[in-house]
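Engineer: Take this structure first; my questions come after.
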Amino acid sequence: MRRACLASHTRLRLFHRLGSLPASSRTLQSLYFTRNMVHTPHYQTPYITPYIVHAPHHGPDDGGNNFLGQDLEYFSQAGFDMSKIHIRRNAPVAQLYEDAIRNEGAIISNTGALINFSGKKTGRSPKDKRIVYEESSKDDIWWGPVNIKMDEHTFEINRERAIDYLNTRDLVYVFDGFAGWDPKYRIKVRVICARAYHALFMNNMLIRPTEEELKDFGEPDFIIYNAGQFPANRFTTGMTSTTSVEINFKRMEMVILGTEYAGEMKKGVFSVMHYLQPVKFGQLSLHSSANVGTEKGDVTLFFGLSGTGKTTLSADPARELIGDDEHVWSDTGVFNIEGGCYAKCINLSSEKEPEIFGAIKFGAILENVVFDIGNRKPDYDDVSITENTRCAYPIEFIPNARIPCHVKAQPTNIIMLTCDAYGVLPPVSKLTPEQASYHFLAGYTSCVLIFFCFIIGYTNIFL
């Protein structure tokens with residue numbers, strides 16, 4: 001009860017600050033006030049949808065707790081109290097919908113996608129991202145304001161704090177999946193979290209295992225402990241706020257505290273692959289989208305920061321989509337790291353981006369998107385919560401996606417996308433290989449206006 005009251009008090013403060021929002025957002029605000037006034041006995045949570053509080057359950061519910069033997073021993077050794085928590089492993093999408101609606105106040109949109117919210121943090125927290133400074137990886141990391149050092153003892157404290165919080169939850173979600181479509185270079189990833197929203201997000205963003213692969217999954221290569229609802233202790237050595245996103249390459253673990261933004265998990269997996277691919281496997285990991293021609297089989301890479309057009313341009317109906325954000329350029333070709341896409345939704349329309357618009361259906365999750373309370377229709381033009389509205393969906397929701405997302409051919413077209421409001425670069429330029437190498441390493445962008453800098457051809461290069 002005390003936990004529910006505290007959560008309700010937090011929301012009252014939040015919506016006090018939202019009082020000046022436009023009408024579409026105030027309808028969202030009033031919806032949350034309605035939920036908070038409802039008695040919430042189910043899982044002791046204030047996020048509850050009124051009309052299903054007393055809905056009967058049909059048939060037994062084992063919650064997907066299908067771990068056996070050694071798997072259960074892992075959770076016990078890690079500090080989980082198996083007598084109190086109920087684990088749902090790789091739960092069906094429909095069940096995650098039910099839990100998110102019942103326990104988190106999620107909404108089903110008019111197209112069937114789940115709408116949910118990340119709370120105070122609506123984007124990543126790069127100033128709170130840390131990497132453990134330890135012997136096995138310290139010489140392979142570029143330390144500085146991007147990769148902030150953390151000592152091993154502080155990581156252990158935060159890891160213990162995350163597990164202690166997860167032990168207070170009635171439901172704990174586990175998703176086991178893969179990162180990397182090439183079996184030669186893939187890793188097994190386990191996500192442990194307390195929100196159905198986060199479990200569904202990683203179900204969409206990781207490569208989903210078959211039943212047989214899940215049965216033989218074994219020990220994961222990388223584990224994420226997401227206790228983002230619970231803050232970091234800012235008086236702990238090295239902490240500068242109540243948010244901490246940290247990776248330990250020695251333990252191959254990630255801990256999230258103080259942020260519920262789902263994109264932190266996605267970028268955590270990418271950070272690990274960014275480390276493993278060049279250092280351990282000798283392959284080049286890329287922040288890029290990729291597609292392939294249906295006739296000639298020509299592979300195109302689109303490099304660029306967030307918001308420069310990677311997802312939009314790679315979703316070409318005349319070409320097969322390999323992936324929209326994270327890839328590896330290997331000795332045998334190009335493969336996607338992820339099993340889904342994470343598209344920006346600001347000003348999204350069926351006319352401008354029909355493939356992405358059509359992917360927003362049952363199984364997809366809309367993040368921080370304002371909707372009309374009357375018809376549950378998302379308003380992609382409303383940025384009153386954040387401009388960083390997003391949708392995560394499995395890559396097969398794109399009709400022309402190439403499955404498996406792996407092409408055994410070297411890229412023939414490379415396109416670099418940048419934002420340049422100062423005129424340093426012309427809209428389109430042809431580069432030599434040496435110039436392309438320079439601009440690739442420099443990574444120039446001013447992040448203001450969008451200009452497309454094209455590099456077409458592996459030997460004849462345009463910018």
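Going by the structure tokens order, chains are called A, B, ..., each with residues numbered from 1, while ligands are numbered from 1 in the order shown.
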Residues within 12 Å of region 313-315 of chain A, please, as an MDAnalysis selection string. Count only C-alpha atoms; anything in the same chain fewer than 4 positions from it doesn't count.

Structural biologist: chainID A and resid 288:293 299:304 307:309 319:325 341 343 352:359 395:402 414:417 452 454

Engineer: Could you name the residues that touch region 125-138 of chain A at 6 Å or less, counting only C-alpha atoms, but leaving out those on the same chain fewer than 5 positions away, as a PyMOL selection string?

Structural biologist: chain A and resi 147-152+244-248

Engineer: At what distance in Å, to one decimal, does CA of Val272 (chain A) lie from CA of Ala100 (chain A)?

Structural biologist: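 Result for CA of Ala100 (chain A) versus CA of Val272 (chain A): 28.4 Å, one decimal.
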
Engineer: Between A:Glu219, A:Glu326, A:Glu104, A:Glu387, which residue has the minimum interatomic distance to Asn116 (chain A), considering only C-alpha atoms?

Structural biologist: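 Closest residue, counting only C-alpha atoms: A:Glu104.
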
Engineer: With a distance cut-off of 8 Å and only C-alpha atoms, select the neighbouring residues of Ala194 (chain A), excluding the residue or stretch itself and same-chain residues fewer than 3 positions from it, and output the selection as a ChimeraX atom specification.

Structural biologist: /A:166,169,171-173,198,226-227

Engineer: Selected residues, C-alpha atoms, written as a short mmCIF file (atom, residue, chain, number, x, y, z; two decimals), in the first residue's frame, please.

Structural biologist:
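The file below, again.cif, is the result:
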```
data_model
loop_
_atom_site.label_atom_id
_atom_site.label_comp_id
_atom_site.auth_asym_id
_atom_site.auth_seq_id
_atom_site.Cartn_x
_atom_site.Cartn_y
_atom_site.Cartn_z
CA LEU A 166 13.46 -6.89 -8.64
CA ARG A 169 8.18 -7.29 -7.60
CA LEU A 171 6.24 -10.41 -11.59
CA VAL A 172 9.72 -10.50 -13.11
CA TYR A 173 10.05 -10.83 -16.85
CA HIS A 198 10.31 -3.57 -21.40
CA ASN A 226 16.73 -3.53 -15.72
CA ALA A 227 15.52 -1.99 -12.46
#
```

Engineer: Could you give me, as a PDB file with N, CA and C atoms, in the first residue's frame, each residue of region 217-386 of chain A that DSSP assigns to strand (DSSP E or B) when run on this structure's backbone?

Structural biologist:
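And here is the file that came out, part14.pdb:
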```pdb
ATOM      1  N   PHE A 222      25.434 -12.398 -22.309  1.00  0.00           N
ATOM      2  CA  PHE A 222      25.289 -11.030 -21.803  1.00  0.00           C
ATOM      3  C   PHE A 222      23.946 -10.925 -21.092  1.00  0.00           C
ATOM      4  N   ILE A 223      23.939 -10.289 -19.904  1.00  0.00           N
ATOM      5  CA  ILE A 223      22.731 -10.182 -19.095  1.00  0.00           C
ATOM      6  C   ILE A 223      22.453  -8.708 -18.791  1.00  0.00           C
ATOM      7  N   ILE A 224      21.198  -8.320 -18.938  1.00  0.00           N
ATOM      8  CA  ILE A 224      20.757  -6.969 -18.580  1.00  0.00           C
ATOM      9  C   ILE A 224      19.841  -7.065 -17.362  1.00  0.00           C
ATOM     10  N   TYR A 225      20.188  -6.367 -16.286  1.00  0.00           N
ATOM     11  CA  TYR A 225      19.328  -6.231 -15.109  1.00  0.00           C
ATOM     12  C   TYR A 225      18.681  -4.847 -15.182  1.00  0.00           C
ATOM     13  N   ASN A 226      17.421  -4.808 -15.571  1.00  0.00           N
ATOM     14  CA  ASN A 226      16.733  -3.526 -15.722  1.00  0.00           C
ATOM     15  C   ASN A 226      15.836  -3.275 -14.514  1.00  0.00           C
ATOM     16  N   ALA A 227      16.307  -2.433 -13.609  1.00  0.00           N
ATOM     17  CA  ALA A 227      15.518  -1.991 -12.457  1.00  0.00           C
ATOM     18  C   ALA A 227      15.307  -0.488 -12.575  1.00  0.00           C
ATOM     19  N   SER A 244      21.678   5.613 -13.518  1.00  0.00           N
ATOM     20  CA  SER A 244      22.953   4.983 -13.863  1.00  0.00           C
ATOM     21  C   SER A 244      22.706   3.839 -14.832  1.00  0.00           C
ATOM     22  N   VAL A 245      23.413   3.902 -15.956  1.00  0.00           N
ATOM     23  CA  VAL A 245      23.380   2.844 -16.973  1.00  0.00           C
ATOM     24  C   VAL A 245      24.819   2.368 -17.114  1.00  0.00           C
ATOM     25  N   GLU A 246      25.084   1.128 -16.746  1.00  0.00           N
ATOM     26  CA  GLU A 246      26.481   0.704 -16.632  1.00  0.00           C
ATOM     27  C   GLU A 246      26.700  -0.691 -17.204  1.00  0.00           C
ATOM     28  N   ILE A 247      27.873  -0.878 -17.791  1.00  0.00           N
ATOM     29  CA  ILE A 247      28.231  -2.149 -18.414  1.00  0.00           C
ATOM     30  C   ILE A 247      29.546  -2.635 -17.827  1.00  0.00           C
ATOM     31  N   ASN A 248      29.586  -3.917 -17.535  1.00  0.00           N
ATOM     32  CA  ASN A 248      30.797  -4.561 -17.036  1.00  0.00           C
ATOM     33  C   ASN A 248      31.187  -5.643 -18.048  1.00  0.00           C
ATOM     34  N   GLU A 253      27.721  -7.998 -18.104  1.00  0.00           N
ATOM     35  CA  GLU A 253      26.443  -7.643 -17.503  1.00  0.00           C
ATOM     36  C   GLU A 253      26.196  -6.149 -17.632  1.00  0.00           C
ATOM     37  N   MET A 254      24.930  -5.797 -17.625  1.00  0.00           N
ATOM     38  CA  MET A 254      24.505  -4.399 -17.672  1.00  0.00           C
ATOM     39  C   MET A 254      23.492  -4.176 -16.568  1.00  0.00           C
ATOM     40  N   VAL A 255      23.573  -3.029 -15.890  1.00  0.00           N
ATOM     41  CA  VAL A 255      22.625  -2.668 -14.840  1.00  0.00           C
ATOM     42  C   VAL A 255      22.017  -1.316 -15.191  1.00  0.00           C
ATOM     43  N   ILE A 256      20.685  -1.237 -15.070  1.00  0.00           N
ATOM     44  CA  ILE A 256      19.971   0.008 -15.345  1.00  0.00           C
ATOM     45  C   ILE A 256      19.207   0.416 -14.090  1.00  0.00           C
ATOM     46  N   LEU A 257      19.459   1.634 -13.629  1.00  0.00           N
ATOM     47  CA  LEU A 257      18.763   2.218 -12.485  1.00  0.00           C
ATOM     48  C   LEU A 257      18.317   3.630 -12.835  1.00  0.00           C
ATOM     49  N   LEU A 284      33.732  -5.428 -38.273  1.00  0.00           N
ATOM     50  CA  LEU A 284      33.413  -4.009 -38.111  1.00  0.00           C
ATOM     51  C   LEU A 284      31.937  -3.823 -37.779  1.00  0.00           C
ATOM     52  N   SER A 285      31.655  -3.345 -36.578  1.00  0.00           N
ATOM     53  CA  SER A 285      30.274  -3.034 -36.190  1.00  0.00           C
ATOM     54  C   SER A 285      29.942  -1.620 -36.644  1.00  0.00           C
ATOM     55  N   LEU A 286      28.680  -1.411 -37.064  1.00  0.00           N
ATOM     56  CA  LEU A 286      28.298  -0.163 -37.706  1.00  0.00           C
ATOM     57  C   LEU A 286      27.003   0.395 -37.129  1.00  0.00           C
ATOM     58  N   HIS A 287      26.970   1.716 -36.945  1.00  0.00           N
ATOM     59  CA  HIS A 287      25.704   2.397 -36.664  1.00  0.00           C
ATOM     60  C   HIS A 287      25.136   2.819 -38.010  1.00  0.00           C
ATOM     61  N   SER A 288      24.419   1.908 -38.629  1.00  0.00           N
ATOM     62  CA  SER A 288      23.919   2.158 -39.978  1.00  0.00           C
ATOM     63  C   SER A 288      22.693   1.296 -40.243  1.00  0.00           C
ATOM     64  N   SER A 289      21.925   1.708 -41.248  1.00  0.00           N
ATOM     65  CA  SER A 289      20.881   0.840 -41.782  1.00  0.00           C
ATOM     66  C   SER A 289      21.421   0.196 -43.054  1.00  0.00           C
ATOM     67  N   ALA A 290      20.681  -0.784 -43.581  1.00  0.00           N
ATOM     68  CA  ALA A 290      21.175  -1.494 -44.765  1.00  0.00           C
ATOM     69  C   ALA A 290      20.006  -2.114 -45.513  1.00  0.00           C
ATOM     70  N   ASN A 291      20.125  -2.111 -46.838  1.00  0.00           N
ATOM     71  CA  ASN A 291      19.176  -2.857 -47.658  1.00  0.00           C
ATOM     72  C   ASN A 291      19.904  -3.462 -48.849  1.00  0.00           C
ATOM     73  N   VAL A 292      19.193  -4.271 -49.621  1.00  0.00           N
ATOM     74  CA  VAL A 292      19.820  -4.982 -50.730  1.00  0.00           C
ATOM     75  C   VAL A 292      18.865  -4.990 -51.916  1.00  0.00           C
ATOM     76  N   GLY A 293      19.421  -4.815 -53.120  1.00  0.00           N
ATOM     77  CA  GLY A 293      18.619  -4.817 -54.330  1.00  0.00           C
ATOM     78  C   GLY A 293      18.075  -6.208 -54.628  1.00  0.00           C
ATOM     79  N   VAL A 299      24.319  -4.380 -52.110  1.00  0.00           N
ATOM     80  CA  VAL A 299      24.080  -3.989 -50.718  1.00  0.00           C
ATOM     81  C   VAL A 299      24.393  -2.512 -50.529  1.00  0.00           C
ATOM     82  N   THR A 300      23.493  -1.797 -49.868  1.00  0.00           N
ATOM     83  CA  THR A 300      23.685  -0.375 -49.569  1.00  0.00           C
ATOM     84  C   THR A 300      23.693  -0.171 -48.062  1.00  0.00           C
ATOM     85  N   LEU A 301      24.678   0.583 -47.579  1.00  0.00           N
ATOM     86  CA  LEU A 301      24.754   0.969 -46.168  1.00  0.00           C
ATOM     87  C   LEU A 301      24.419   2.446 -46.034  1.00  0.00           C
ATOM     88  N   PHE A 302      23.631   2.795 -45.011  1.00  0.00           N
ATOM     89  CA  PHE A 302      23.280   4.182 -44.708  1.00  0.00           C
ATOM     90  C   PHE A 302      23.837   4.520 -43.326  1.00  0.00           C
ATOM     91  N   PHE A 303      24.930   5.297 -43.293  1.00  0.00           N
ATOM     92  CA  PHE A 303      25.503   5.724 -42.017  1.00  0.00           C
ATOM     93  C   PHE A 303      24.814   7.010 -41.564  1.00  0.00           C
ATOM     94  N   ARG A 319      13.470  -2.400 -52.592  1.00  0.00           N
ATOM     95  CA  ARG A 319      14.637  -3.147 -52.135  1.00  0.00           C
ATOM     96  C   ARG A 319      14.284  -3.927 -50.864  1.00  0.00           C
ATOM     97  N   GLU A 320      15.053  -4.951 -50.535  1.00  0.00           N
ATOM     98  CA  GLU A 320      14.818  -5.726 -49.325  1.00  0.00           C
ATOM     99  C   GLU A 320      15.551  -5.097 -48.150  1.00  0.00           C
ATOM    100  N   LEU A 321      14.847  -4.954 -47.029  1.00  0.00           N
ATOM    101  CA  LEU A 321      15.431  -4.364 -45.828  1.00  0.00           C
ATOM    102  C   LEU A 321      16.249  -5.401 -45.071  1.00  0.00           C
ATOM    103  N   ILE A 322      17.518  -5.083 -44.807  1.00  0.00           N
ATOM    104  CA  ILE A 322      18.354  -5.927 -43.940  1.00  0.00           C
ATOM    105  C   ILE A 322      18.186  -5.484 -42.494  1.00  0.00           C
ATOM    106  N   GLY A 323      18.158  -4.177 -42.262  1.00  0.00           N
ATOM    107  CA  GLY A 323      17.962  -3.646 -40.919  1.00  0.00           C
ATOM    108  C   GLY A 323      18.011  -2.142 -40.935  1.00  0.00           C
ATOM    109  N   GLU A 326      21.563  -1.095 -36.719  1.00  0.00           N
ATOM    110  CA  GLU A 326      22.802  -1.681 -36.202  1.00  0.00           C
ATOM    111  C   GLU A 326      23.208  -2.881 -37.049  1.00  0.00           C
ATOM    112  N   HIS A 327      24.427  -2.854 -37.571  1.00  0.00           N
ATOM    113  CA  HIS A 327      24.891  -3.936 -38.443  1.00  0.00           C
ATOM    114  C   HIS A 327      26.344  -4.272 -38.181  1.00  0.00           C
ATOM    115  N   VAL A 328      26.758  -5.367 -38.754  1.00  0.00           N
ATOM    116  CA  VAL A 328      28.170  -5.755 -38.750  1.00  0.00           C
ATOM    117  C   VAL A 328      28.583  -6.019 -40.189  1.00  0.00           C
ATOM    118  N   TRP A 329      29.677  -5.380 -40.603  1.00  0.00           N
ATOM    119  CA  TRP A 329      30.287  -5.593 -41.915  1.00  0.00           C
ATOM    120  C   TRP A 329      31.375  -6.643 -41.681  1.00  0.00           C
ATOM    121  N   VAL A 334      27.247  -8.668 -44.821  1.00  0.00           N
ATOM    122  CA  VAL A 334      26.623  -7.740 -43.874  1.00  0.00           C
ATOM    123  C   VAL A 334      25.477  -8.444 -43.168  1.00  0.00           C
ATOM    124  N   PHE A 335      25.412  -8.302 -41.850  1.00  0.00           N
ATOM    125  CA  PHE A 335      24.270  -8.855 -41.125  1.00  0.00           C
ATOM    126  C   PHE A 335      23.767  -7.873 -40.080  1.00  0.00           C
ATOM    127  N   ASN A 336      22.477  -7.950 -39.825  1.00  0.00           N
ATOM    128  CA  ASN A 336      21.811  -7.118 -38.834  1.00  0.00           C
ATOM    129  C   ASN A 336      22.110  -7.648 -37.435  1.00  0.00           C
ATOM    130  N   GLY A 340      14.504  -6.325 -34.817  1.00  0.00           N
ATOM    131  CA  GLY A 340      13.403  -5.395 -35.022  1.00  0.00           C
ATOM    132  C   GLY A 340      13.889  -4.024 -35.404  1.00  0.00           C
ATOM    133  N   CYS A 341      12.950  -3.082 -35.507  1.00  0.00           N
ATOM    134  CA  CYS A 341      13.244  -1.692 -35.863  1.00  0.00           C
ATOM    135  C   CYS A 341      12.720  -0.771 -34.774  1.00  0.00           C
ATOM    136  N   TYR A 342      13.375   0.364 -34.621  1.00  0.00           N
ATOM    137  CA  TYR A 342      13.029   1.346 -33.598  1.00  0.00           C
ATOM    138  C   TYR A 342      12.882   2.689 -34.297  1.00  0.00           C
ATOM    139  N   ALA A 343      11.700   2.931 -34.832  1.00  0.00           N
ATOM    140  CA  ALA A 343      11.485   4.071 -35.716  1.00  0.00           C
ATOM    141  C   ALA A 343      10.993   5.295 -34.951  1.00  0.00           C
ATOM    142  N   LYS A 344      11.458   6.470 -35.376  1.00  0.00           N
ATOM    143  CA  LYS A 344      10.906   7.712 -34.854  1.00  0.00           C
ATOM    144  C   LYS A 344       9.500   7.905 -35.410  1.00  0.00           C
ATOM    145  N   PHE A 362      -0.693  -4.933 -34.095  1.00  0.00           N
ATOM    146  CA  PHE A 362      -0.578  -5.796 -32.920  1.00  0.00           C
ATOM    147  C   PHE A 362       0.830  -6.401 -32.837  1.00  0.00           C
ATOM    148  N   ALA A 364       3.501  -4.467 -32.084  1.00  0.00           N
ATOM    149  CA  ALA A 364       4.367  -3.284 -32.031  1.00  0.00           C
ATOM    150  C   ALA A 364       4.089  -2.516 -30.742  1.00  0.00           C
ATOM    151  N   ILE A 365       5.057  -1.714 -30.318  1.00  0.00           N
ATOM    152  CA  ILE A 365       4.859  -0.902 -29.115  1.00  0.00           C
ATOM    153  C   ILE A 365       5.191   0.548 -29.423  1.00  0.00           C
ATOM    154  N   LEU A 366       4.218   1.425 -29.185  1.00  0.00           N
ATOM    155  CA  LEU A 366       4.397   2.864 -29.331  1.00  0.00           C
ATOM    156  C   LEU A 366       4.846   3.432 -27.997  1.00  0.00           C
ATOM    157  N   GLU A 367       5.894   4.222 -28.032  1.00  0.00           N
ATOM    158  CA  GLU A 367       6.519   4.725 -26.806  1.00  0.00           C
ATOM    159  C   GLU A 367       6.348   6.232 -26.710  1.00  0.00           C
ATOM    160  N   PHE A 371      -2.266  10.057 -27.647  1.00  0.00           N
ATOM    161  CA  PHE A 371      -3.357   9.462 -28.412  1.00  0.00           C
ATOM    162  C   PHE A 371      -4.676  10.144 -28.061  1.00  0.00           C
ATOM    163  N   PRO A 378      -3.368   7.329 -32.396  1.00  0.00           N
ATOM    164  CA  PRO A 378      -2.156   8.080 -32.044  1.00  0.00           C
ATOM    165  C   PRO A 378      -2.083   9.405 -32.799  1.00  0.00           C
TER     166      PRO A 378
END
```

Engineer: From region 52-163 of chain A, collect each residue whose DSSP state is helix (DSSP H, G or I) and return the set as a VMD selection string.

Structural biologist: chain A and resid 52 70 to 78 93 to 104 126 to 128 138 to 140 152 to 163

Engineer: Kindly save the residues from that selection, with C-alpha atoms included, as a PDB file, in the first residue's frame.

Structural biologist:
```
ATOM      1  CA  ILE A  52     -10.516  -5.130 -15.905  1.00  0.00           C
ATOM      2  CA  GLN A  70      20.458 -25.179 -13.818  1.00  0.00           C
ATOM      3  CA  ASP A  71      18.503 -22.140 -15.010  1.00  0.00           C
ATOM      4  CA  LEU A  72      16.711 -21.815 -11.672  1.00  0.00           C
ATOM      5  CA  GLU A  73      20.007 -22.303  -9.860  1.00  0.00           C
ATOM      6  CA  TYR A  74      21.417 -19.327 -11.782  1.00  0.00           C
ATOM      7  CA  PHE A  75      18.656 -17.041 -10.491  1.00  0.00           C
ATOM      8  CA  SER A  76      19.140 -18.244  -6.920  1.00  0.00           C
ATOM      9  CA  GLN A  77      22.909 -17.715  -7.082  1.00  0.00           C
ATOM     10  CA  ALA A  78      22.413 -14.262  -8.588  1.00  0.00           C
ATOM     11  CA  VAL A  93       2.954 -11.062 -26.870  1.00  0.00           C
ATOM     12  CA  ALA A  94      -0.737 -11.256 -25.934  1.00  0.00           C
ATOM     13  CA  GLN A  95       0.157 -11.956 -22.299  1.00  0.00           C
ATOM     14  CA  LEU A  96       2.567  -9.009 -22.230  1.00  0.00           C
ATOM     15  CA  TYR A  97      -0.258  -6.843 -23.572  1.00  0.00           C
ATOM     16  CA  GLU A  98      -2.532  -8.060 -20.779  1.00  0.00           C
ATOM     17  CA  ASP A  99       0.052  -7.408 -18.076  1.00  0.00           C
ATOM     18  CA  ALA A 100       0.962  -3.972 -19.437  1.00  0.00           C
ATOM     19  CA  ILE A 101      -2.694  -2.942 -19.563  1.00  0.00           C
ATOM     20  CA  ARG A 102      -3.541  -4.396 -16.153  1.00  0.00           C
ATOM     21  CA  ASN A 103      -0.441  -3.287 -14.265  1.00  0.00           C
ATOM     22  CA  GLU A 104       1.075  -0.343 -16.121  1.00  0.00           C
ATOM     23  CA  PRO A 126      24.494   9.570 -22.073  1.00  0.00           C
ATOM     24  CA  LYS A 127      25.988  11.495 -19.146  1.00  0.00           C
ATOM     25  CA  ASP A 128      24.931   8.682 -16.825  1.00  0.00           C
ATOM     26  CA  LYS A 138      40.543  -1.248 -20.104  1.00  0.00           C
ATOM     27  CA  ASP A 139      42.989  -1.021 -23.033  1.00  0.00           C
ATOM     28  CA  ASP A 140      40.270  -1.479 -25.665  1.00  0.00           C
ATOM     29  CA  GLU A 152      34.100  -2.687  -9.952  1.00  0.00           C
ATOM     30  CA  HIS A 153      32.929  -2.217  -6.362  1.00  0.00           C
ATOM     31  CA  THR A 154      30.395   0.459  -7.336  1.00  0.00           C
ATOM     32  CA  PHE A 155      29.083  -1.798 -10.088  1.00  0.00           C
ATOM     33  CA  GLU A 156      28.568  -4.580  -7.538  1.00  0.00           C
ATOM     34  CA  ILE A 157      26.664  -2.194  -5.261  1.00  0.00           C
ATOM     35  CA  ASN A 158      24.363  -1.087  -8.079  1.00  0.00           C
ATOM     36  CA  ARG A 159      23.894  -4.649  -9.316  1.00  0.00           C
ATOM     37  CA  GLU A 160      22.866  -5.714  -5.822  1.00  0.00           C
ATOM     38  CA  ARG A 161      20.522  -2.720  -5.616  1.00  0.00           C
ATOM     39  CA  ALA A 162      18.873  -3.698  -8.914  1.00  0.00           C
ATOM     40  CA  ILE A 163      18.363  -7.328  -7.866  1.00  0.00           C
TER      41      ILE A 163
END
```

Engineer: For Lys184 (chain A), please output as a ChimeraX atom specification all residues within 12 Å (counting only C-alpha atoms; exclusion window: fewer than 3 positions along the same chain).

Structural biologist: /A:178-181,187-188,277,281,283,328,330-332,335,406

Engineer: Given the selection you just returned, output its residues as a file containing N, CA, C and O atoms, formatted as a PDB file, in the first residue's frame.

Structural biologist:
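Printed below is again_31.pdb as written:
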```
ATOM      1  N   PHE A 178      18.731 -13.398 -29.180  1.00  0.00           N
ATOM      2  CA  PHE A 178      20.054 -13.324 -29.796  1.00  0.00           C
ATOM      3  C   PHE A 178      20.328 -11.917 -30.328  1.00  0.00           C
ATOM      4  O   PHE A 178      19.409 -11.190 -30.699  1.00  0.00           O
ATOM      5  N   ALA A 179      21.593 -11.553 -30.384  1.00  0.00           N
ATOM      6  CA  ALA A 179      22.056 -10.352 -31.067  1.00  0.00           C
ATOM      7  C   ALA A 179      23.012 -10.799 -32.168  1.00  0.00           C
ATOM      8  O   ALA A 179      24.031 -11.428 -31.881  1.00  0.00           O
ATOM      9  N   GLY A 180      22.651 -10.494 -33.417  1.00  0.00           N
ATOM     10  CA  GLY A 180      23.476 -10.901 -34.554  1.00  0.00           C
ATOM     11  C   GLY A 180      22.858 -12.035 -35.338  1.00  0.00           C
ATOM     12  O   GLY A 180      22.643 -13.121 -34.791  1.00  0.00           O
ATOM     13  N   TRP A 181      22.570 -11.787 -36.623  1.00  0.00           N
ATOM     14  CA  TRP A 181      21.920 -12.807 -37.447  1.00  0.00           C
ATOM     15  C   TRP A 181      22.892 -13.840 -37.991  1.00  0.00           C
ATOM     16  O   TRP A 181      22.480 -14.907 -38.441  1.00  0.00           O
ATOM     17  N   ILE A 187      25.571 -13.414 -30.260  1.00  0.00           N
ATOM     18  CA  ILE A 187      25.676 -13.664 -28.823  1.00  0.00           C
ATOM     19  C   ILE A 187      24.279 -13.910 -28.262  1.00  0.00           C
ATOM     20  O   ILE A 187      23.268 -13.470 -28.824  1.00  0.00           O
ATOM     21  N   LYS A 188      24.229 -14.631 -27.144  1.00  0.00           N
ATOM     22  CA  LYS A 188      22.970 -14.897 -26.452  1.00  0.00           C
ATOM     23  C   LYS A 188      22.772 -13.834 -25.372  1.00  0.00           C
ATOM     24  O   LYS A 188      23.659 -13.613 -24.548  1.00  0.00           O
ATOM     25  N   GLN A 277      32.716  -7.219 -31.521  1.00  0.00           N
ATOM     26  CA  GLN A 277      32.960  -7.482 -32.937  1.00  0.00           C
ATOM     27  C   GLN A 277      34.380  -7.112 -33.373  1.00  0.00           C
ATOM     28  O   GLN A 277      35.090  -7.936 -33.952  1.00  0.00           O
ATOM     29  N   PHE A 281      36.214 -10.555 -32.409  1.00  0.00           N
ATOM     30  CA  PHE A 281      35.940 -11.266 -33.659  1.00  0.00           C
ATOM     31  C   PHE A 281      36.662 -10.681 -34.871  1.00  0.00           C
ATOM     32  O   PHE A 281      36.702 -11.302 -35.934  1.00  0.00           O
ATOM     33  N   GLN A 283      35.679  -8.048 -36.640  1.00  0.00           N
ATOM     34  CA  GLN A 283      34.714  -7.564 -37.615  1.00  0.00           C
ATOM     35  C   GLN A 283      34.326  -6.117 -37.289  1.00  0.00           C
ATOM     36  O   GLN A 283      34.557  -5.633 -36.185  1.00  0.00           O
ATOM     37  N   VAL A 328      26.758  -5.367 -38.754  1.00  0.00           N
ATOM     38  CA  VAL A 328      28.170  -5.755 -38.750  1.00  0.00           C
ATOM     39  C   VAL A 328      28.583  -6.019 -40.189  1.00  0.00           C
ATOM     40  O   VAL A 328      27.910  -6.751 -40.918  1.00  0.00           O
ATOM     41  N   SER A 330      31.078  -7.864 -42.069  1.00  0.00           N
ATOM     42  CA  SER A 330      31.956  -8.980 -41.732  1.00  0.00           C
ATOM     43  C   SER A 330      32.796  -9.411 -42.922  1.00  0.00           C
ATOM     44  O   SER A 330      32.708  -8.849 -44.015  1.00  0.00           O
ATOM     45  N   ASP A 331      33.595 -10.438 -42.710  1.00  0.00           N
ATOM     46  CA  ASP A 331      34.445 -10.943 -43.780  1.00  0.00           C
ATOM     47  C   ASP A 331      33.626 -11.630 -44.871  1.00  0.00           C
ATOM     48  O   ASP A 331      34.110 -11.832 -45.984  1.00  0.00           O
ATOM     49  N   THR A 332      32.380 -11.975 -44.572  1.00  0.00           N
ATOM     50  CA  THR A 332      31.553 -12.664 -45.565  1.00  0.00           C
ATOM     51  C   THR A 332      30.401 -11.813 -46.083  1.00  0.00           C
ATOM     52  O   THR A 332      29.711 -12.222 -47.026  1.00  0.00           O
ATOM     53  N   PHE A 335      25.412  -8.302 -41.850  1.00  0.00           N
ATOM     54  CA  PHE A 335      24.270  -8.855 -41.125  1.00  0.00           C
ATOM     55  C   PHE A 335      23.767  -7.873 -40.080  1.00  0.00           C
ATOM     56  O   PHE A 335      24.522  -7.055 -39.546  1.00  0.00           O
ATOM     57  N   HIS A 406      20.663 -11.262 -43.251  1.00  0.00           N
ATOM     58  CA  HIS A 406      22.075 -11.552 -43.461  1.00  0.00           C
ATOM     59  C   HIS A 406      22.310 -11.708 -44.954  1.00  0.00           C
ATOM     60  O   HIS A 406      21.627 -12.503 -45.605  1.00  0.00           O
TER      61      HIS A 406
END
```

Engineer: Let me make sure I understand: among A:Gly238, A:Asn167, A:Tyr380, A:Val269, which one has the smallest atom-to-atom distance to Ser83 (chain A) if we use only C-alpha atoms?

Structural biologist: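 When distances to Ser83 (chain A) are compared using only C-alpha atoms, the smallest one comes from A:Asn167.
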
Engineer: Using Å and a single decimal, report how far CA of Glu351 (chain A) sits from CA of Phe201 (chain A).

Structural biologist: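 It comes out at 26.1 Å.
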